[in-house]
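Visitor: See data.cif below, with mmCIF, C-alpha atoms and all ligand atoms.
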```cif
data_work
#
loop_
_atom_site.label_atom_id
_atom_site.label_comp_id
_atom_site.auth_asym_id
_atom_site.auth_seq_id
_atom_site.Cartn_x
_atom_site.Cartn_y
_atom_site.Cartn_z
CA MET S 1 -7.38 -14.06 15.63
CA TYR S 2 -8.16 -13.04 12.09
CA VAL S 3 -10.61 -10.32 11.18
CA ILE S 4 -10.61 -10.83 7.42
CA LYS S 5 -10.48 -14.17 5.71
CA THR S 6 -10.88 -14.86 2.03
CA ASP S 7 -11.06 -18.21 0.33
CA LYS S 8 -10.40 -18.30 -3.42
CA LEU S 9 -12.15 -14.95 -3.72
CA THR S 10 -12.76 -14.26 -7.40
CA LYS S 11 -14.37 -11.53 -9.50
CA ARG S 12 -14.93 -11.75 -13.22
CA PHE S 13 -16.06 -8.93 -15.47
CA GLY S 14 -17.09 -10.82 -18.59
CA SER S 15 -14.02 -12.71 -19.69
CA LEU S 16 -11.67 -10.58 -17.55
CA VAL S 17 -10.66 -12.13 -14.24
CA ALA S 18 -10.09 -8.99 -12.14
CA VAL S 19 -9.54 -10.91 -8.89
CA ASP S 20 -8.36 -14.47 -9.32
CA HIS S 21 -8.78 -17.01 -6.49
CA VAL S 22 -7.30 -14.85 -3.79
CA SER S 23 -6.90 -16.41 -0.33
CA PHE S 24 -5.49 -14.61 2.69
CA THR S 25 -6.21 -13.69 6.30
CA VAL S 26 -5.74 -10.42 8.15
CA GLU S 27 -5.09 -10.49 11.88
CA GLU S 28 -6.84 -8.25 14.37
CA GLY S 29 -4.93 -4.97 14.80
CA GLU S 30 -2.85 -5.54 11.72
CA ILE S 31 -2.09 -3.05 8.96
CA PHE S 32 -2.32 -5.23 5.89
CA GLY S 33 -1.49 -3.97 2.42
CA PHE S 34 -2.31 -4.95 -1.13
CA LEU S 35 0.58 -3.73 -3.27
CA GLY S 36 0.26 -3.72 -7.03
CA PRO S 37 0.07 -1.54 -10.13
CA ASN S 38 -3.06 -0.02 -11.67
CA GLY S 39 -5.49 -2.65 -12.83
CA ALA S 40 -4.12 -5.36 -10.53
CA GLY S 41 -7.50 -5.91 -8.85
CA LYS S 42 -7.03 -3.96 -5.60
CA THR S 43 -10.18 -1.85 -5.71
CA THR S 44 -12.27 -4.80 -6.84
CA THR S 45 -11.05 -6.78 -3.82
CA ILE S 46 -11.93 -3.90 -1.46
CA ASN S 47 -15.33 -3.58 -3.09
CA MET S 48 -16.08 -7.25 -2.44
CA LEU S 49 -14.85 -7.07 1.16
CA THR S 50 -17.00 -4.01 1.84
CA THR S 51 -20.08 -5.61 0.17
CA LEU S 52 -20.21 -3.15 -2.74
CA LEU S 53 -19.63 -6.00 -5.20
CA ASN S 54 -20.60 -9.65 -5.02
CA PRO S 55 -17.86 -12.22 -5.64
CA THR S 56 -18.25 -14.37 -8.75
CA GLU S 57 -16.68 -17.27 -6.93
CA GLY S 58 -15.09 -18.04 -3.57
CA SER S 59 -15.96 -16.41 -0.26
CA ALA S 60 -14.88 -13.85 2.30
CA THR S 61 -15.67 -12.98 5.90
CA VAL S 62 -15.05 -9.74 7.75
CA GLY S 63 -15.33 -9.86 11.52
CA GLY S 64 -16.54 -13.43 11.08
CA LEU S 65 -19.46 -12.24 8.93
CA ASP S 66 -20.00 -13.48 5.39
CA VAL S 67 -19.79 -10.57 2.94
CA GLU S 68 -22.59 -11.98 0.80
CA LYS S 69 -24.96 -13.56 3.28
CA GLN S 70 -24.52 -11.01 6.09
CA ASP S 71 -23.78 -7.91 4.07
CA GLY S 72 -25.86 -5.59 6.25
CA LYS S 73 -23.94 -6.58 9.36
CA VAL S 74 -20.61 -6.33 7.55
CA ARG S 75 -21.43 -2.76 6.53
CA LYS S 76 -21.91 -1.81 10.17
CA ILE S 77 -18.40 -2.85 11.16
CA VAL S 78 -16.39 -1.66 8.16
CA GLY S 79 -15.30 1.84 7.23
CA LEU S 80 -14.31 2.63 3.66
CA VAL S 81 -12.20 5.46 2.35
CA PRO S 82 -12.58 5.06 -1.41
CA GLN S 83 -10.00 5.83 -4.04
CA ASP S 84 -11.97 8.69 -5.60
CA ILE S 85 -12.50 12.03 -3.94
CA THR S 86 -15.83 11.96 -2.16
CA VAL S 87 -15.89 15.13 -0.06
CA ASP S 88 -17.96 18.09 -1.21
CA ASP S 89 -15.97 21.24 -1.93
CA ASP S 90 -18.85 23.61 -1.33
CA LEU S 91 -19.42 22.42 2.23
CA THR S 92 -17.25 22.88 5.29
CA GLY S 93 -15.39 19.94 6.78
CA MET S 94 -17.94 19.84 9.57
CA GLU S 95 -20.88 19.82 7.14
CA ASN S 96 -19.29 16.99 5.16
CA MET S 97 -18.96 15.03 8.38
CA MET S 98 -22.59 15.70 9.34
CA LEU S 99 -23.68 14.41 5.95
CA GLN S 100 -21.60 11.28 6.39
CA SER S 101 -22.98 10.66 9.90
CA ARG S 102 -26.51 10.84 8.52
CA LEU S 103 -25.60 8.31 5.82
CA TYR S 104 -24.53 5.98 8.60
CA HIS S 105 -27.57 6.76 10.76
CA VAL S 106 -25.53 8.14 13.63
CA PRO S 107 -28.00 10.00 15.90
CA LYS S 108 -27.51 13.79 15.78
CA ASP S 109 -26.56 14.27 19.43
CA VAL S 110 -23.98 11.47 19.24
CA ALA S 111 -22.74 12.70 15.88
CA ARG S 112 -21.45 16.06 17.19
CA GLU S 113 -19.15 14.38 19.70
CA ARG S 114 -17.94 11.78 17.24
CA ILE S 115 -17.25 14.34 14.55
CA LYS S 116 -15.22 16.39 17.00
CA GLU S 117 -13.26 13.30 17.94
CA ALA S 118 -12.70 12.14 14.36
CA MET S 119 -11.70 15.62 13.16
CA SER S 120 -9.22 15.92 16.00
CA LEU S 121 -7.85 12.45 15.21
CA VAL S 122 -6.89 13.61 11.73
CA GLY S 123 -5.72 17.04 12.83
CA LEU S 124 -8.55 19.05 11.27
CA THR S 125 -10.11 20.62 14.37
CA ASP S 126 -9.03 24.13 13.41
CA ALA S 127 -10.18 23.73 9.82
CA ALA S 128 -13.55 22.16 10.65
CA ASN S 129 -15.58 25.23 9.78
CA ARG S 130 -13.74 26.11 6.60
CA ARG S 131 -15.10 25.22 3.20
CA VAL S 132 -13.32 22.17 1.79
CA GLU S 133 -12.52 24.25 -1.28
CA THR S 134 -9.80 25.91 0.82
CA TYR S 135 -8.28 22.59 1.92
CA SER S 136 -5.01 21.21 0.57
CA GLY S 137 -4.91 17.75 -1.05
CA GLY S 138 -3.60 16.25 2.19
CA MET S 139 -6.37 17.86 4.25
CA ARG S 140 -9.03 16.47 1.91
CA LYS S 141 -7.60 12.99 2.26
CA ARG S 142 -7.58 13.37 6.05
CA LEU S 143 -11.19 14.52 5.97
CA GLU S 144 -12.08 11.38 4.04
CA LEU S 145 -10.22 9.35 6.62
CA ALA S 146 -12.31 11.02 9.33
CA GLU S 147 -15.47 10.21 7.37
CA GLY S 148 -14.52 6.57 7.35
CA LEU S 149 -14.37 6.64 11.16
CA ILE S 150 -17.79 8.14 11.89
CA HIS S 151 -19.48 4.87 12.85
CA TYR S 152 -16.50 3.50 14.85
CA PRO S 153 -15.58 0.73 12.40
CA LYS S 154 -13.73 -2.35 13.53
CA VAL S 155 -12.00 -2.65 10.18
CA LEU S 156 -11.03 0.30 8.02
CA PHE S 157 -10.48 -0.10 4.27
CA LEU S 158 -8.26 2.52 2.66
CA ASP S 159 -8.10 2.43 -1.12
CA GLU S 160 -4.88 4.18 -2.17
CA PRO S 161 -4.96 6.53 0.83
CA THR S 162 -2.16 8.78 -0.42
CA LEU S 163 -2.75 8.66 -4.17
CA GLY S 164 -1.42 11.82 -5.76
CA LEU S 165 -0.09 13.36 -2.54
CA ASP S 166 3.47 14.63 -2.43
CA VAL S 167 6.01 12.75 -0.36
CA GLN S 168 5.91 15.00 2.72
CA THR S 169 2.12 14.96 2.89
CA ARG S 170 2.17 11.21 2.44
CA VAL S 171 4.40 10.79 5.49
CA VAL S 172 1.95 12.85 7.59
CA MET S 173 -0.91 10.64 6.39
CA TRP S 174 1.03 7.51 7.37
CA ASP S 175 1.30 8.87 10.90
CA TYR S 176 -2.45 9.33 11.17
CA ILE S 177 -3.11 5.85 9.81
CA LYS S 178 -0.63 4.30 12.26
CA ARG S 179 -2.25 6.13 15.13
CA LEU S 180 -5.66 4.65 14.28
CA ARG S 181 -4.20 1.22 14.68
CA ASP S 182 -1.93 1.93 17.66
CA GLU S 183 -4.31 4.02 19.75
CA HIS S 184 -7.70 2.84 18.56
CA LYS S 185 -6.98 -0.79 17.70
CA ILE S 186 -8.60 -0.52 14.29
CA THR S 187 -7.60 -3.23 11.84
CA ILE S 188 -6.53 -1.64 8.58
CA PHE S 189 -6.63 -3.04 5.06
CA LEU S 190 -5.08 -0.72 2.52
CA THR S 191 -4.14 -0.78 -1.12
CA THR S 192 -1.28 1.09 -2.69
CA HIS S 193 1.00 1.09 -5.65
CA TYR S 194 3.65 3.03 -3.72
CA MET S 195 6.14 0.51 -2.44
CA GLU S 196 7.57 2.91 0.17
CA GLU S 197 4.08 3.18 1.61
CA ALA S 198 3.66 -0.58 1.82
CA ASP S 199 7.14 -0.91 3.29
CA VAL S 200 6.82 1.75 5.99
CA LEU S 201 3.19 1.27 6.93
CA CYS S 202 2.23 -2.38 6.56
CA ASP S 203 2.85 -5.26 8.94
CA ARG S 204 2.29 -7.64 6.06
CA ILE S 205 1.95 -7.17 2.33
CA ALA S 206 0.32 -9.18 -0.41
CA ILE S 207 1.87 -8.42 -3.77
CA ILE S 208 -0.89 -8.58 -6.33
CA ASP S 209 -0.46 -8.86 -10.07
CA HIS S 210 -3.21 -9.50 -12.64
CA GLY S 211 -5.65 -10.40 -9.88
CA LYS S 212 -3.38 -12.97 -8.25
CA ILE S 213 -1.38 -12.84 -5.04
CA VAL S 214 2.18 -13.61 -6.10
CA ALA S 215 3.82 -13.14 -2.68
CA LEU S 216 2.62 -12.51 0.86
CA ASP S 217 4.75 -11.78 3.91
CA THR S 218 6.20 -9.03 6.10
CA PRO S 219 8.13 -6.39 4.13
CA GLN S 220 11.34 -7.60 5.78
CA ASN S 221 10.77 -11.26 4.92
CA LEU S 222 9.88 -10.35 1.36
CA LYS S 223 13.12 -8.43 1.04
CA ASP S 224 15.08 -11.17 2.79
CA SER S 225 13.61 -13.70 0.36
CA LEU S 226 15.72 -12.07 -2.34
CA GLY S 227 18.70 -13.62 -0.61
CA GLY S 228 20.47 -10.58 0.77
CA ASP S 229 22.10 -7.31 -0.19
CA VAL S 230 24.03 -6.34 -3.25
CA ILE S 231 27.45 -4.70 -3.31
CA GLU S 232 27.92 -2.77 -6.48
CA LEU S 233 31.58 -2.48 -7.49
CA GLU S 234 33.39 -0.87 -10.34
CA PHE S 235 37.09 -1.50 -10.92
CA ASP S 236 39.61 0.69 -12.69
CA GLU S 237 40.99 -2.50 -14.08
CA ALA S 238 40.36 -6.16 -13.33
CA THR S 239 41.51 -9.38 -14.97
CA ASP S 240 39.24 -12.37 -15.50
CA SER S 241 41.20 -14.40 -12.99
CA GLN S 242 40.81 -11.67 -10.36
CA ILE S 243 37.05 -11.71 -10.88
CA GLU S 244 37.12 -15.52 -10.57
CA THR S 245 38.89 -15.13 -7.22
CA LEU S 246 36.27 -12.60 -6.14
CA LYS S 247 33.57 -15.17 -6.88
CA THR S 248 35.17 -17.68 -4.53
CA MET S 249 35.32 -15.35 -1.52
CA PRO S 250 33.44 -16.82 1.45
CA MET S 251 30.71 -14.18 1.77
CA VAL S 252 30.02 -13.88 -1.94
CA LYS S 253 26.91 -15.72 -3.12
CA ASP S 254 26.75 -14.56 -6.70
CA VAL S 255 28.43 -12.12 -9.07
CA LYS S 256 26.71 -10.56 -12.07
CA LYS S 257 28.19 -8.04 -14.46
CA ILE S 258 25.83 -5.28 -15.52
CA GLY S 259 27.48 -2.72 -17.76
CA GLU S 260 30.71 -1.67 -16.09
CA ALA S 261 29.52 -2.72 -12.65
CA TYR S 262 29.79 -5.99 -10.81
CA MET S 263 26.74 -6.82 -8.69
CA ILE S 264 27.89 -8.97 -5.82
CA LYS S 265 25.14 -10.71 -3.89
CA VAL S 266 25.91 -11.16 -0.18
CA SER S 267 23.77 -12.04 2.83
CA LYS S 268 24.78 -9.26 5.21
CA GLY S 269 26.03 -6.24 3.32
CA GLU S 270 27.45 -4.25 6.25
CA LYS S 271 29.53 -7.20 7.36
CA ALA S 272 30.55 -8.44 3.93
CA LEU S 273 31.55 -5.08 2.50
CA PRO S 274 34.67 -4.43 4.66
CA GLU S 275 35.85 -8.03 4.32
CA ILE S 276 35.47 -8.04 0.57
CA MET S 277 37.20 -4.67 0.30
CA GLU S 278 40.10 -5.92 2.37
CA ASN S 279 40.48 -9.01 0.18
CA LEU S 280 40.31 -6.93 -2.99
CA LEU S 281 42.98 -4.56 -1.69
CA LYS S 282 45.22 -7.51 -0.88
CA MET S 283 44.80 -8.61 -4.48
CA LYS S 284 45.87 -5.09 -5.52
CA LEU S 285 42.60 -4.53 -7.32
CA ARG S 286 41.92 -0.82 -7.82
CA ILE S 287 38.35 0.03 -6.97
CA GLY S 288 36.70 2.87 -8.84
CA LYS S 289 33.28 2.92 -7.22
CA VAL S 290 31.51 1.02 -4.50
CA SER S 291 28.01 1.12 -3.07
CA LEU S 292 25.81 -1.07 -0.93
CA VAL S 293 22.34 -1.70 -2.32
CA LYS S 294 19.71 -2.80 0.19
CA PRO S 295 16.89 -4.88 -1.27
CA SER S 296 13.69 -2.91 -1.88
CA LEU S 297 10.13 -4.01 -2.48
CA ASP S 298 10.64 -2.87 -6.05
CA GLN S 299 13.25 -5.59 -6.43
CA VAL S 300 10.85 -8.05 -4.79
CA TYR S 301 8.16 -7.03 -7.23
CA LEU S 302 10.58 -7.41 -10.11
CA GLU S 303 11.58 -10.85 -8.90
CA TYR S 304 7.97 -12.11 -8.77
CA THR S 305 6.44 -10.39 -11.78
CA GLY S 306 9.36 -9.64 -14.08
CA ARG S 307 8.35 -5.98 -14.14
CA SER S 308 9.28 -2.94 -12.11
CA LEU S 309 6.64 -1.19 -10.00
CA ARG S 310 8.44 2.08 -10.66
CA GLU S 311 7.17 1.98 -14.23
CA THR S 312 3.63 2.36 -12.97
CA ARG S 313 4.27 5.44 -10.85
CA GLY S 314 4.14 9.15 -11.36
CA GLU S 315 0.52 10.16 -11.82
CA THR S 316 0.56 12.94 -9.24
CA GLY S 317 -1.74 14.96 -11.46
CA GLU S 318 -4.44 12.33 -11.39
CA ILE S 319 -6.14 13.29 -8.16
CA TRP S 320 -6.45 16.92 -9.23
CA ARG S 321 -7.86 15.91 -12.57
CA ARG S 322 -10.48 13.87 -10.75
CA MET S 323 -11.37 16.71 -8.42
CA ARG S 324 -11.83 19.11 -11.30
CA HIS S 325 -13.96 16.50 -13.01
CA MET S 326 -16.20 16.15 -9.93
CA ARG S 327 -16.63 19.90 -9.71
CA ARG S 328 -17.77 19.97 -13.32
CA VAL S 329 -20.19 17.13 -12.77
CA ARG S 330 -21.78 18.91 -9.81
CA GLY S 331 -21.94 22.15 -11.80
N1 LIG D 1 -17.05 -2.58 -13.26
C1 LIG D 1 -16.09 -3.09 -14.05
N2 LIG D 1 -16.38 -3.61 -15.25
C2 LIG D 1 -15.42 -4.13 -16.05
N3 LIG D 1 -14.13 -4.20 -15.71
C3 LIG D 1 -13.76 -3.69 -14.53
C4 LIG D 1 -14.72 -3.10 -13.63
N4 LIG D 1 -14.07 -2.70 -12.52
C5 LIG D 1 -12.77 -3.00 -12.72
N5 LIG D 1 -12.58 -3.60 -13.92
C6 LIG D 1 -11.29 -4.10 -14.44
O1 LIG D 1 -10.78 -5.02 -13.50
C7 LIG D 1 -9.38 -4.89 -13.38
C8 LIG D 1 -9.00 -4.58 -11.95
O2 LIG D 1 -9.44 -3.26 -11.64
P1 LIG D 1 -9.25 -2.62 -10.22
O3 LIG D 1 -9.72 -3.55 -9.18
O4 LIG D 1 -9.88 -1.27 -10.26
O5 LIG D 1 -7.67 -2.49 -10.15
P2 LIG D 1 -6.74 -1.59 -9.19
O6 LIG D 1 -7.62 -1.01 -8.13
O7 LIG D 1 -5.71 -2.51 -8.69
O8 LIG D 1 -6.17 -0.52 -10.06
C9 LIG D 1 -8.96 -3.82 -14.38
O9 LIG D 1 -8.55 -4.45 -15.55
C10 LIG D 1 -10.24 -3.02 -14.58
O10 LIG D 1 -10.26 -2.42 -15.84
MG MG D 2 -7.89 0.92 -7.55
#
```
Show the structure stored in the file as structure tokens.

Guide:
Amino acid sequence: MYVIKTDKLTKRFGSLVAVDHVSFTVEEGEIFGFLGPNGAGKTTTINMLTTLLNPTEGSATVGGLDVEKQDGKVRKIVGLVPQDITVDDDLTGMENMMLQSRLYHVPKDVARERIKEAMSLVGLTDAANRRVETYSGGMRKRLELAEGLIHYPKVLFLDEPTLGLDVQTRVVMWDYIKRLRDEHKITIFLTTHYMEEADVLCDRIAIIDHGKIVALDTPQNLKDSLGGDVIELEFDEATDSQIETLKTMPMVKDVKKIGEAYMIKVSKGEKALPEIMENLLKMKLRIGKVSLVKPSLDQVYLEYTGRSLRETRGETGEIWRRMRHMRRVRG
């Protein structure tokens, strides 16, 4: 049973097509990810699915409800953790949660219990009465996650949930997100430009580029679609005819020379590697270096878009810049 379904969902800003005829479904209880670089159309898609923006064309339902025609009902069943920092530094975690519960019209007596539960879910019980100013980046993100849970959403939208966090903190966050799905059966739609995040966390991934879905599958299938692993070999010395023989070995699908290295495409690296090594030794080929390269989502991304996702990474400072900006705005 699907919880989200889009049909040629499209958003134009003037002549720019930010989201371009995107069609997909998300199953109940799934963690579904939109993976793509900045400007790919991830936030715009989330904004349409959470009724913050109207589609220009196409349609979408969440929980069977039309995001345009039944927007009020959609809002009741979705939780949103936006990309930008939304928690107030001057308030305690608890006070931020109270504010959020009022926004969602959760009655006061119910709110206390729910806040306790949500704060404990994200591991902030002990920090609940501390001002958010004293929180680490990871704690702030977890507080925002808790805020998204206040009205018991059926579907939770997480826009870049670990943007700017360091690797260790990111792993902790993944655990909390997984738990929401595993223990509370919440369907999760998230966006990220971190391929490790999509790989580790998501059941299925849509790779999005310039507003279009260019590939959609499980991380494993996407990686398998590349056609296997790569054995990277460097020889001390090899003749052309020896390389030709290498190409004809049974497990070898393709050989490319990049610099000094030969990239040998094989279907099952662990199995192929010892066999190929044995054959090469028989041929008296002296091997300088060898390594087994498992396919990554970066390679998948490269294959479908011609660019590397890695080029778009590395803005750890961004989240802090934003937070400072918000503080200035508030005065
Ligand atoms: N309100 C807006 N007005 C004009 N252009 C916008 C607006 N919001 C987003 N865009 C543009 O749409 C594209 C997709 O943006 P966005 O959905 O934020 O991408 P992502 O979240 O993947 O980084 C970008 O080129 C962005 O500049
Ligand atoms: Mg975004």

Visitor: Restricting the calculation to all atoms listed in the file, which member of S:Trp174, S:Tyr2, S:Phe34, S:Phe13 is positioned closest to ligand MG 2 (chain D)?

Guide: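 Residue with the minimum atom-to-atom distance to ligand MG 2 (chain D): S:Phe34.
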
Visitor: Chain S near ligand LIG 1 (chain D) within 9 Å: what's each residue's closest atom pair and its distance in Å to one decimal, counting all atoms listed in the file, ordered by chain then ascending residue number, as JSON lines?

Guide:
```
{"residue": "S:Lys11", "atom": "CA", "partner": "D:LIG1", "partner_atom": "O1", "distance": 8.4}
{"residue": "S:Arg12", "atom": "CA", "partner": "D:LIG1", "partner_atom": "O1", "distance": 7.9}
{"residue": "S:Phe13", "atom": "CA", "partner": "D:LIG1", "partner_atom": "C2", "distance": 4.9}
{"residue": "S:Gly14", "atom": "CA", "partner": "D:LIG1", "partner_atom": "C2", "distance": 7.3}
{"residue": "S:Leu16", "atom": "CA", "partner": "D:LIG1", "partner_atom": "O1", "distance": 6.9}
{"residue": "S:Val17", "atom": "CA", "partner": "D:LIG1", "partner_atom": "O1", "distance": 7.1}
{"residue": "S:Ala18", "atom": "CA", "partner": "D:LIG1", "partner_atom": "O1", "distance": 4.3}
{"residue": "S:Val19", "atom": "CA", "partner": "D:LIG1", "partner_atom": "C8", "distance": 7.1}
{"residue": "S:Phe34", "atom": "CA", "partner": "D:LIG1", "partner_atom": "O7", "distance": 8.6}
{"residue": "S:Leu35", "atom": "CA", "partner": "D:LIG1", "partner_atom": "O7", "distance": 8.4}
{"residue": "S:Gly36", "atom": "CA", "partner": "D:LIG1", "partner_atom": "O7", "distance": 6.3}
{"residue": "S:Pro37", "atom": "CA", "partner": "D:LIG1", "partner_atom": "O7", "distance": 6.0}
{"residue": "S:Asn38", "atom": "CA", "partner": "D:LIG1", "partner_atom": "O8", "distance": 3.5}
{"residue": "S:Gly39", "atom": "CA", "partner": "D:LIG1", "partner_atom": "O5", "distance": 3.5}
{"residue": "S:Ala40", "atom": "CA", "partner": "D:LIG1", "partner_atom": "O7", "distance": 3.7}
{"residue": "S:Gly41", "atom": "CA", "partner": "D:LIG1", "partner_atom": "O3", "distance": 3.3}
{"residue": "S:Lys42", "atom": "CA", "partner": "D:LIG1", "partner_atom": "O7", "distance": 3.7}
{"residue": "S:Thr43", "atom": "CA", "partner": "D:LIG1", "partner_atom": "O6", "distance": 3.6}
{"residue": "S:Thr44", "atom": "CA", "partner": "D:LIG1", "partner_atom": "O3", "distance": 3.7}
{"residue": "S:Thr45", "atom": "CA", "partner": "D:LIG1", "partner_atom": "O3", "distance": 6.4}
{"residue": "S:Ile46", "atom": "CA", "partner": "D:LIG1", "partner_atom": "O3", "distance": 8.0}
{"residue": "S:Asn47", "atom": "CA", "partner": "D:LIG1", "partner_atom": "O3", "distance": 8.3}
{"residue": "S:Gln83", "atom": "CA", "partner": "D:LIG1", "partner_atom": "O6", "distance": 8.3}
{"residue": "S:Asp159", "atom": "CA", "partner": "D:LIG1", "partner_atom": "O6", "distance": 7.8}
{"residue": "S:Glu160", "atom": "CA", "partner": "D:LIG1", "partner_atom": "O6", "distance": 8.4}
{"residue": "S:Thr191", "atom": "CA", "partner": "D:LIG1", "partner_atom": "O6", "distance": 7.8}
{"residue": "S:Thr192", "atom": "CA", "partner": "D:LIG1", "partner_atom": "O7", "distance": 8.3}
{"residue": "S:His193", "atom": "CA", "partner": "D:LIG1", "partner_atom": "O7", "distance": 8.2}
{"residue": "S:Ile208", "atom": "CA", "partner": "D:LIG1", "partner_atom": "O7", "distance": 8.1}
{"residue": "S:Asp209", "atom": "CA", "partner": "D:LIG1", "partner_atom": "O7", "distance": 8.4}
{"residue": "S:His210", "atom": "CA", "partner": "D:LIG1", "partner_atom": "C8", "distance": 7.6}
{"residue": "S:Gly211", "atom": "CA", "partner": "D:LIG1", "partner_atom": "C8", "distance": 7.0}
```

Visitor: Quick check, in Å to one decimal: how far apart do CA of Thr92 in chain S and CA of Glu113 in chain S lie?

Guide: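 Interatomic distance, CA of Thr92 in chain S to CA of Glu113 in chain S: 16.8 Å.
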
Visitor: Draw an axis-aligned box over all listed atoms of range 101-105 of chain S, pad each side with 5 Å, and write its centre and edge lengths in Å, one decimal, as lines of an AutoDock Vina configuration file.

Guide:
```
center_x = -25.3
center_y = 8.4
center_z = 8.3
size_x = 14.6
size_y = 14.9
size_z = 14.9
```

Visitor: Using all atoms listed in the file, can you tell me which of S:Glu117, S:Leu285, S:Asn96, S:Val74 comes closest to Gln242 in chain S?

Guide: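 Of all the options, S:Leu285 lies closest to Gln242 in chain S.
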
Visitor: Write out as an NGL selection string the residues lying within 7 Å of Lys294 in chain S, counting all atoms listed in the file and excluding same-chain residues fewer than 2 positions away.

Guide: :S and (229-230 or 292 or 296)

Visitor: Keeping C-alpha atoms, export the residues of the selection given above as a short mmCIF file (atom, residue, chain, number, x, y, z; two decimals), in the coordinates of the input.

Guide:
```cif
data_model
loop_
_atom_site.label_atom_id
_atom_site.label_comp_id
_atom_site.auth_asym_id
_atom_site.auth_seq_id
_atom_site.Cartn_x
_atom_site.Cartn_y
_atom_site.Cartn_z
CA ASP S 229 22.10 -7.31 -0.19
CA VAL S 230 24.03 -6.34 -3.25
CA LEU S 292 25.81 -1.07 -0.93
CA SER S 296 13.69 -2.91 -1.88
#
```

Visitor: Skip Ala118 in chain S itself and residues of its chain fewer than 5 positions away, then list as a list in words all residues within 8 Å of it, counting all atoms listed in the file.

Guide: Ala146, Glu147, Leu149 and Ile150 of chain S

Visitor: What separation in Å, quoted to one decimal, exists between CA of Ile243 in chain S and CA of Lys256 in chain S?

Guide: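 Between these atoms lies a distance of 10.5 Å.
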
Visitor: Using all atoms listed in the file, determine which residues lie at most 12 Å from Gly306 in chain S, disregarding the query and same-chain residues fewer than 6 positions distant; provide the list as a list in words.

Guide: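 In the requested format, the answer is Asp209, Val214, Asp298, Gln299 and Val300 of chain S.
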
Visitor: Find the residues near range 224-228 of chain S: any atom within 10 Å, counting all atoms listed in the file, skip ones fewer than 5 places away on the same chain, and give them as an mmCIF file with C-alpha atoms, in the coordinates of the input.

Guide:
```cif
data_model
loop_
_atom_site.group_PDB
_atom_site.id
_atom_site.type_symbol
_atom_site.label_atom_id
_atom_site.label_comp_id
_atom_site.auth_asym_id
_atom_site.auth_seq_id
_atom_site.Cartn_x
_atom_site.Cartn_y
_atom_site.Cartn_z
ATOM 1 C CA ASP S 217 4.750 -11.780 3.910
ATOM 2 C CA THR S 218 6.200 -9.030 6.100
ATOM 3 C CA PRO S 219 8.130 -6.390 4.130
ATOM 4 C CA LYS S 253 26.910 -15.720 -3.120
ATOM 5 C CA LYS S 265 25.140 -10.710 -3.890
ATOM 6 C CA VAL S 266 25.910 -11.160 -0.180
ATOM 7 C CA SER S 267 23.770 -12.040 2.830
ATOM 8 C CA LYS S 268 24.780 -9.260 5.210
ATOM 9 C CA GLY S 269 26.030 -6.240 3.320
ATOM 10 C CA VAL S 293 22.340 -1.700 -2.320
ATOM 11 C CA LYS S 294 19.710 -2.800 0.190
ATOM 12 C CA PRO S 295 16.890 -4.880 -1.270
ATOM 13 C CA SER S 296 13.690 -2.910 -1.880
ATOM 14 C CA LEU S 297 10.130 -4.010 -2.480
ATOM 15 C CA GLN S 299 13.250 -5.590 -6.430
ATOM 16 C CA VAL S 300 10.850 -8.050 -4.790
ATOM 17 C CA GLU S 303 11.580 -10.850 -8.900
#
```

Visitor: Figure out the distance between CA of Ser101 in chain S and CA of Met173 in chain S, please, to one decimal in Å.

Guide: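 Result for CA of Met173 in chain S versus CA of Ser101 in chain S: 22.3 Å, one decimal.
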
Visitor: Env of range 134-145 of chain S: 8 Å cut, atoms = all atoms listed in the file, seq-sep filter 6 positions within chain, self excluded. Answer as JSON, numbers by chain.

Guide: {"S": [81, 85, 86, 87, 93, 119, 122, 123, 124, 161, 162, 165, 169, 170, 173]}

Visitor: Give the answer as one residue: which of S:Leu233, S:Met283, S:Ala111, S:Leu163 has the shortest atom-to-atom distance to ligand MG 2 (chain D), using all atoms listed in the file?

Guide: S:Leu163

Visitor: Have a look at S:Met249, S:Ile188, S:Ile287, S:Ile177 and name the one nearest to Glu275 in chain S; count all atoms listed in the file.

Guide: S:Met249
